[in-house]
Structure formats: C-alpha cells, structure tokens
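Below is input_23.cif, which holds mmCIF, C-alpha atoms.
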```cif
data_start
#
loop_
_atom_site.label_atom_id
_atom_site.label_comp_id
_atom_site.auth_asym_id
_atom_site.auth_seq_id
_atom_site.Cartn_x
_atom_site.Cartn_y
_atom_site.Cartn_z
CA MET A 1 110.13 110.04 103.35
CA ARG A 2 108.74 107.29 101.23
CA ASP A 3 107.60 107.33 97.62
CA THR A 4 108.34 108.68 94.21
CA GLN A 5 108.93 112.38 93.70
CA HIS A 6 107.92 115.46 91.79
CA ASP A 7 110.47 117.14 89.53
CA THR A 8 110.41 120.53 91.25
CA ASP A 9 113.59 122.54 91.73
CA LEU A 10 114.66 123.11 95.31
CA THR A 11 116.58 126.24 96.21
CA LEU A 12 118.03 127.61 99.41
CA THR A 13 116.57 130.69 101.00
CA PRO A 14 118.79 133.60 99.83
CA GLY A 15 121.43 134.37 102.39
CA ALA A 16 120.99 131.14 104.30
CA GLU A 17 124.11 129.33 105.36
CA ALA A 18 124.40 126.20 103.24
CA GLY A 19 124.75 123.03 105.23
CA GLY A 20 123.52 124.33 108.60
CA PRO A 21 121.08 121.95 110.32
CA SER A 22 118.10 124.30 110.12
CA THR A 23 118.82 125.07 106.46
CA VAL A 24 119.14 121.40 105.55
CA LEU A 25 115.91 120.55 107.35
CA ALA A 26 114.13 123.39 105.54
CA ARG A 27 115.33 122.04 102.19
CA LEU A 28 114.17 118.55 103.15
CA GLU A 29 110.73 119.92 104.00
CA GLU A 30 110.51 121.28 100.46
CA PHE A 31 111.51 117.87 99.16
CA PHE A 32 108.92 116.06 101.29
CA ASP A 33 106.20 118.38 100.01
CA ALA A 34 107.27 117.98 96.38
CA VAL A 35 107.73 114.19 96.37
CA PRO A 36 104.11 113.00 96.32
CA ARG A 37 102.76 115.65 93.96
CA PHE A 38 103.89 113.80 90.85
CA SER A 39 101.22 111.14 91.38
CA ALA A 40 98.92 112.61 94.01
CA THR A 41 96.67 115.57 94.61
CA ALA A 42 97.19 117.70 97.73
CA GLU A 43 94.32 118.49 100.06
CA GLU A 44 94.79 121.09 102.78
CA HIS A 45 93.22 120.23 106.12
CA GLY A 46 94.04 122.86 108.71
CA PRO A 47 97.75 122.55 109.55
CA PHE A 48 98.11 119.38 107.42
CA THR A 49 98.51 118.49 103.77
CA LEU A 50 96.99 115.16 102.82
CA PHE A 51 98.32 113.59 99.62
CA VAL A 52 95.76 111.50 97.72
CA ARG A 53 97.04 109.16 95.05
CA THR A 54 95.75 109.61 91.52
CA GLY A 55 96.73 106.23 90.04
CA PRO A 56 97.92 102.73 90.94
CA GLY A 57 100.61 102.05 93.51
CA TRP A 58 100.92 102.80 97.20
CA HIS A 59 98.72 105.16 99.16
CA TYR A 60 100.13 108.39 100.55
CA TYR A 61 100.11 110.06 103.94
CA ALA A 62 99.46 113.37 105.64
CA ARG A 63 102.21 115.68 106.85
CA PRO A 64 102.52 119.21 108.26
CA ARG A 65 101.71 121.92 105.74
CA LEU A 66 104.87 123.30 104.12
CA GLY A 67 105.91 126.50 105.88
CA GLY A 68 103.41 126.04 108.70
CA ASP A 69 104.27 125.48 112.33
CA GLY A 70 100.89 124.40 113.69
CA PRO A 71 99.60 124.54 116.28
CA PHE A 72 98.39 120.96 116.00
CA THR A 73 95.48 119.50 117.95
CA ALA A 74 94.03 116.01 118.31
CA ALA A 75 90.90 117.35 116.60
CA ASP A 76 93.02 118.36 113.58
CA VAL A 77 94.48 114.88 113.47
CA GLU A 78 91.08 113.21 113.71
CA ARG A 79 89.68 115.29 110.84
CA VAL A 80 92.49 114.07 108.61
CA ARG A 81 92.00 110.48 109.76
CA ALA A 82 88.29 110.71 108.95
CA ARG A 83 89.15 111.86 105.43
CA GLN A 84 91.67 109.02 105.05
CA ARG A 85 89.02 106.50 106.10
CA GLU A 86 86.62 108.02 103.59
CA LEU A 87 89.23 107.56 100.85
CA GLY A 88 90.11 104.02 101.93
CA ALA A 89 93.69 105.19 102.54
CA PRO A 90 95.89 104.26 105.51
CA GLU A 91 95.56 106.57 108.51
CA SER A 92 99.23 107.55 108.38
CA PHE A 93 101.23 110.70 109.07
CA GLU A 94 104.90 111.46 108.42
CA TRP A 95 106.99 114.34 109.74
CA VAL A 96 110.36 115.37 111.14
CA HIS A 97 110.32 115.82 114.90
CA GLU A 98 112.84 118.65 114.97
CA THR A 99 110.84 120.61 112.37
CA SER A 100 107.40 120.02 113.94
CA PRO A 101 108.08 119.23 117.61
CA GLY A 102 104.53 120.03 118.67
CA LEU A 103 102.93 117.31 116.55
CA ARG A 104 103.80 114.12 118.41
CA ALA A 105 101.61 114.74 121.46
CA PRO A 106 98.34 115.31 119.55
CA ILE A 107 99.17 112.41 117.23
CA GLU A 108 99.60 110.05 120.18
CA SER A 109 96.55 111.43 121.99
CA SER A 110 94.50 110.54 118.90
CA GLY A 111 95.49 106.89 119.40
CA LEU A 112 98.10 106.50 116.66
CA GLU A 113 101.38 104.68 117.26
CA VAL A 114 104.57 106.63 116.47
CA HIS A 115 107.68 104.96 115.04
CA GLU A 116 111.07 106.70 115.17
CA HIS A 117 113.65 106.49 112.37
CA PRO A 118 117.07 108.16 112.29
CA LEU A 119 117.19 110.83 109.57
CA LEU A 120 120.67 111.07 108.04
CA VAL A 121 122.16 113.44 105.49
CA LEU A 122 125.30 113.63 103.41
CA GLU A 123 126.38 116.89 101.79
CA LEU A 124 128.13 116.37 98.46
CA ASP A 125 129.66 119.81 97.88
CA GLY A 126 133.36 119.58 97.08
CA PRO A 127 135.26 116.27 96.87
CA SER A 128 133.29 113.05 96.84
CA ALA A 129 132.02 112.12 100.27
CA ALA A 130 131.13 108.61 99.18
CA ASP A 131 133.12 105.48 99.76
CA PRO A 132 136.26 106.06 97.66
CA ALA A 133 136.00 102.54 96.29
CA ALA A 134 132.45 103.05 95.02
CA GLU A 135 133.25 104.28 91.54
CA ASN A 136 135.73 101.43 91.07
CA ASP A 137 133.41 98.67 92.31
CA PRO A 138 132.54 96.68 89.18
CA THR A 139 130.12 94.45 91.06
CA VAL A 140 127.62 97.28 91.63
CA ARG A 141 125.94 98.74 88.60
CA VAL A 142 123.38 101.42 87.90
CA LEU A 143 120.58 99.77 85.95
CA THR A 144 118.88 100.76 82.71
CA ILE A 145 115.24 100.00 82.01
CA ASP A 146 116.17 97.00 79.85
CA ASP A 147 118.70 95.53 82.28
CA PRO A 148 117.78 91.88 82.99
CA LEU A 149 118.70 92.50 86.63
CA LEU A 150 115.93 95.10 87.10
CA PRO A 151 112.96 92.82 87.95
CA SER A 152 114.80 91.06 90.76
CA ALA A 153 116.33 94.36 91.93
CA VAL A 154 112.79 95.73 92.33
CA THR A 155 111.83 92.60 94.27
CA VAL A 156 114.70 92.27 96.77
CA PRO A 157 113.38 95.02 99.11
CA HIS A 158 110.01 93.27 99.45
CA LEU A 159 111.69 90.13 100.78
CA ALA A 160 114.09 92.12 102.95
CA PHE A 161 111.47 94.36 104.54
CA ALA A 162 109.29 91.34 105.29
CA ASP A 163 112.20 90.07 107.41
CA PRO A 164 113.56 93.32 108.91
CA GLY A 165 116.83 93.85 110.69
CA THR A 166 120.45 93.12 109.94
CA GLN A 167 120.65 89.46 110.95
CA VAL A 168 120.92 86.71 108.34
CA GLY A 169 117.45 85.55 107.33
CA VAL A 170 115.84 82.69 105.43
CA ALA A 171 114.74 84.07 102.05
CA GLY A 172 117.25 83.25 99.33
CA PRO A 173 117.49 82.92 95.54
CA GLU A 174 114.59 80.47 95.22
CA GLN A 175 112.20 82.75 97.09
CA LEU A 176 113.52 85.73 95.12
CA ALA A 177 112.82 84.01 91.80
CA ASP A 178 109.24 83.29 92.84
CA ALA A 179 108.67 86.81 94.17
CA THR A 180 110.15 88.35 91.03
CA ARG A 181 107.60 86.60 88.87
CA THR A 182 104.88 88.07 91.07
CA ALA A 183 106.40 91.55 90.87
CA ILE A 184 106.38 91.38 87.08
CA ALA A 185 102.80 90.11 86.98
CA ASP A 186 101.34 92.76 89.28
CA GLY A 187 102.99 95.70 87.53
CA GLN A 188 105.66 96.65 90.07
CA VAL A 189 108.45 96.43 87.51
CA THR A 190 106.46 98.38 84.92
CA ARG A 191 105.83 101.18 87.43
CA MET A 192 109.53 101.31 88.26
CA ILE A 193 110.41 101.56 84.57
CA GLY A 194 108.06 104.53 84.30
CA ARG A 195 109.81 106.32 87.16
CA MET A 196 113.21 105.56 85.65
CA GLU A 197 112.17 106.85 82.23
CA ALA A 198 110.94 110.07 83.86
CA GLY A 199 114.31 110.51 85.59
CA ARG A 200 112.72 110.27 89.00
CA THR A 201 114.35 107.06 90.23
CA VAL A 202 117.85 105.61 89.83
CA VAL A 203 118.32 101.92 90.67
CA ALA A 204 121.60 100.21 91.55
CA ALA A 205 122.12 96.52 92.23
CA ILE A 206 124.61 93.72 92.72
CA ALA A 207 124.12 90.54 90.67
CA GLY A 208 124.46 87.07 92.15
CA PRO A 209 125.86 84.02 90.38
CA ASP A 210 122.37 83.02 89.21
CA GLY A 211 121.80 86.33 87.44
CA LEU A 212 119.41 87.71 90.06
CA ALA A 213 120.04 90.74 92.26
CA VAL A 214 121.36 89.98 95.73
CA ALA A 215 121.21 93.60 96.90
CA SER A 216 119.65 96.75 95.48
CA GLY A 217 118.63 100.30 96.25
CA CYS A 218 117.42 103.55 94.71
CA HIS A 219 117.96 107.27 94.90
CA GLN A 220 115.21 109.67 93.92
CA PRO A 221 116.31 113.14 92.83
CA VAL A 222 114.31 116.35 93.05
CA GLY A 223 116.39 119.33 91.98
CA ASP A 224 119.74 119.02 93.75
CA VAL A 225 118.40 116.89 96.62
CA SER A 226 117.91 113.13 96.47
CA GLU A 227 116.55 110.55 98.88
CA ILE A 228 118.09 107.09 99.09
CA VAL A 229 115.35 104.50 99.54
CA ALA A 230 114.75 100.76 99.48
CA VAL A 231 118.36 99.71 100.06
CA ALA A 232 118.11 96.01 100.82
CA THR A 233 120.00 92.74 100.80
CA LEU A 234 118.51 89.31 100.15
CA PRO A 235 118.02 88.10 103.77
CA SER A 236 120.07 84.89 103.40
CA LEU A 237 123.08 86.95 102.23
CA ARG A 238 123.17 89.66 104.89
CA ARG A 239 126.24 90.74 106.86
CA GLN A 240 128.55 90.76 103.84
CA GLY A 241 128.63 94.52 103.29
CA LEU A 242 126.39 94.38 100.22
CA ALA A 243 124.01 97.14 101.32
CA ARG A 244 126.97 99.37 102.14
CA ARG A 245 128.38 98.91 98.63
CA VAL A 246 125.02 99.64 96.99
CA THR A 247 124.64 102.78 99.11
CA ALA A 248 128.12 103.98 98.23
CA GLN A 249 127.41 103.53 94.52
CA LEU A 250 124.14 105.44 94.78
CA VAL A 251 125.91 108.30 96.56
CA GLU A 252 128.61 108.38 93.89
CA HIS A 253 126.02 108.44 91.13
CA ALA A 254 124.13 111.26 92.86
CA ARG A 255 127.31 113.29 93.27
CA ALA A 256 128.34 112.72 89.65
CA THR A 257 124.95 113.90 88.39
CA GLY A 258 124.90 117.18 90.31
CA ILE A 259 123.07 116.25 93.48
CA ARG A 260 124.11 118.46 96.39
CA THR A 261 122.44 116.71 99.32
CA VAL A 262 121.42 113.07 99.78
CA PHE A 263 119.43 111.87 102.73
CA LEU A 264 117.62 108.82 104.02
CA SER A 265 115.53 107.49 106.87
CA ALA A 266 117.04 104.39 108.48
CA SER A 267 114.80 101.76 110.05
CA ASP A 268 116.78 101.76 113.32
CA ASP A 269 120.12 102.64 114.88
CA ALA A 270 121.81 99.45 113.66
CA VAL A 271 120.90 100.22 110.07
CA ALA A 272 121.87 103.87 110.57
CA ARG A 273 125.40 102.76 111.42
CA ILE A 274 125.72 101.19 107.97
CA TYR A 275 124.99 104.56 106.40
CA GLU A 276 127.27 106.39 108.81
CA SER A 277 130.08 104.12 107.56
CA VAL A 278 129.81 105.79 104.12
CA GLY A 279 129.77 109.33 105.52
CA PHE A 280 126.17 110.09 106.48
CA ARG A 281 125.49 112.00 109.69
CA ARG A 282 122.36 111.91 111.79
CA ILE A 283 120.60 115.26 111.70
CA ALA A 284 117.11 114.58 113.05
CA THR A 285 114.42 111.96 113.70
CA ALA A 286 111.81 111.05 111.12
CA LEU A 287 108.49 109.98 112.61
CA ILE A 288 105.78 107.81 111.08
CA ALA A 289 102.42 107.45 112.82
CA GLU A 290 99.81 104.83 112.05
CA PRO A 291 97.26 102.73 113.93
CA ALA A 292 98.76 100.10 116.21
CA ALA A 293 98.96 96.68 114.59
CA GLU A 294 96.31 95.16 116.82
CA ALA A 295 93.94 98.09 116.14
CA ALA A 296 94.55 97.91 112.39
CA THR A 297 93.58 94.23 112.26
CA SER A 298 90.63 94.36 114.64
#
```
Using structure tokens, write down the structure that the file contains.
Amino acid sequence: MRDTQHDTDLTLTPGAEAGGPSTVLARLEEFFDAVPRFSATAEEHGPFTLFVRTGPGWHYYARPRLGGDGPFTAADVERVRARQRELGAPESFEWVHETSPGLRAPIESSGLEVHEHPLLVLELDGPSAADPAAENDPTVRVLTIDDPLLPSAVTVPHLAFADPGTQVGVAGPEQLADATRTAIADGQVTRMIGRMEAGRTVVAAIAGPDGLAVASGCHQPVGDVSEIVAVATLPSLRRQGLARRVTAQLVEHARATGIRTVFLSASDDAVARIYESVGFRRIATALIAEPAAEAATS
C-alpha cells in the first residue's frame, strides 16, 4: 500500500468476472506482493511474507503470503516482529481486512496498534472515469526528470503528512523552500528520478507563483494496475481543490497509458470523499499495524 513497485505483469484469473469486488481484491493482492520486490528481498515466515530492503530508502513491512489464507496466530506475528527487530526494521504489517479477516485479532493480541484506511478503486475500462476537466487543466502537469518543479513536488507530501488532515495548516512556501533543499541534499529527489526513469513512478504537480509546487501526487503502475500515492497540498493552501485536480490528472494519465484499475488508500473518511468526487468507490479497508506511539518511543 506504500512504496515503489516491481514491474511484474498482473493478469486476471481466466474466467473471472472483471470488476467484481473479489476479483479486484485478488488483483490488488498481486500488486501488493509485487510492489516491494523491486528493491527488497522476500522472506517467508509461516503465513507471512516479510520484505527486507536491499538499498537506501524506507523500510518495508510484512503482509499475508500471496495466495494464503492463514490461519494466523499471535506466535506467527511475534516471530515476524522478532525478525524485524533483528533487522532494525519497523515492526509493521499491512493487509486488506476483507482479504485476510482473521489477521486483525492476532495482530492486536500481540500488542500492535491497528490503523484503518479506506481502500478505494476506480476501474478505467471504457470511457474516461476521471474528472472530465482533467485533460484540459493546464495548471496540472505530469513532470519529467528535468522539470524544475520536481524537487518541490517530491517535498510537498513531507510537509503535508507532518500536518495531517484537510484543514488549512501553517507550512507555506518558505517552509517548502527550506525542506526542498533538504530533500535534494539527502537524496530523495535522486531516488525519485531513478523510479521515474524506470517507469515505475509518474509525478504530477501544480506550480505556484514562486515556481514551487503547491500540490503534487504520484501513480505507480505495475502491469495494468496502478496505485495513487502521496497526493498532497501545501498545508497553508488547503481547501482549494488542488489535491482533487492533481488526482484527476493522475487518473487521466493512467487511463491514457493503458492502466485498467487505479486504487489508493485514503488516510481517513474525509480524505476518501475527495477521491470519491473524482469517481473512486470504496471497496475495502486497508489496515496498517505498528507499535503504539508511546511504546515505540519508550
């Protein structure tokens, strides 16, 4: 649900009804299993697959083994957590509740805190399902690796996610300029360029009057499925429809390049409504488990 992806083709089970909820969830499971393998190794631990990063960047997580249905026990969870501690990786798990309904209880009994996120999909077969104004919106552009807007577009989500929600926040252009310099220095922009060159990430953004991005987002294709991630607005400029316009442009780009299904995990119901306004429908609940904040800092 988070991350880069692995360029593996995803295909429907022969004879399955395209677009049905169970079929869509099965295709998403294939996507979730493929995503980390581009820059991680996969370790099998009972009913779980633990992805272990092989280079710089963020750590990965454990999730239910592709094609498996458990059963899951607290002992299984603890074995994975012990391996994560050994690796110095976060003790985190990600899964879809409707696909693995038996996992939440043993996760919680192991002491991890579970966070719920609406999982939304948009099928792109047939006429465009995106905002009809998206392809004619000159203020939103898909970025190339040499676009001067790219460094600040990479940085906007960091400021936005540090101040979550949909209410107007404090961080503005001055804070963005400072954070962008940091993002360049620590290699975040270089890593994004690598993903773009590999065709694994598409970035769209809206430029402000000072030449910095005021909103940005990505979609990450694997076969004919793509995940929309990191859609964010500079906190001081929220509630102007900027994230909606970026999302619509990403959907239009995905459709135009042969993507059949786009999906995303929204942070909460309020954010989910933004995506529903451009045609997404809620299909399930994505769950992320990690140690409670007080436990993680103790």
For Gly258 (chain A), which residue out of A:Ile145, A:Val24, A:Leu103, A:Leu124 is the nearest one, using all atoms listed in the file? A:Leu124
What is the distance between CA of Thr257 (chain A) and CA of Val203 (chain A), in Å to one decimal? 13.9 Å
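Atom pair CA of Arg65 (chain A) / CA of Phe38 (chain A): separated by 17.1 Å.
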Between A:Glu276, A:Glu94, A:Thr23, A:Glu108, which one has atoms that come closest to Thr73 (chain A), using all atoms listed in the file? A:Glu108
Hits from the PyMOL selection byres ((chain A and resi 267) around 6), listed as JSON, numbers by chain: {"A": [117, 266, 268]}
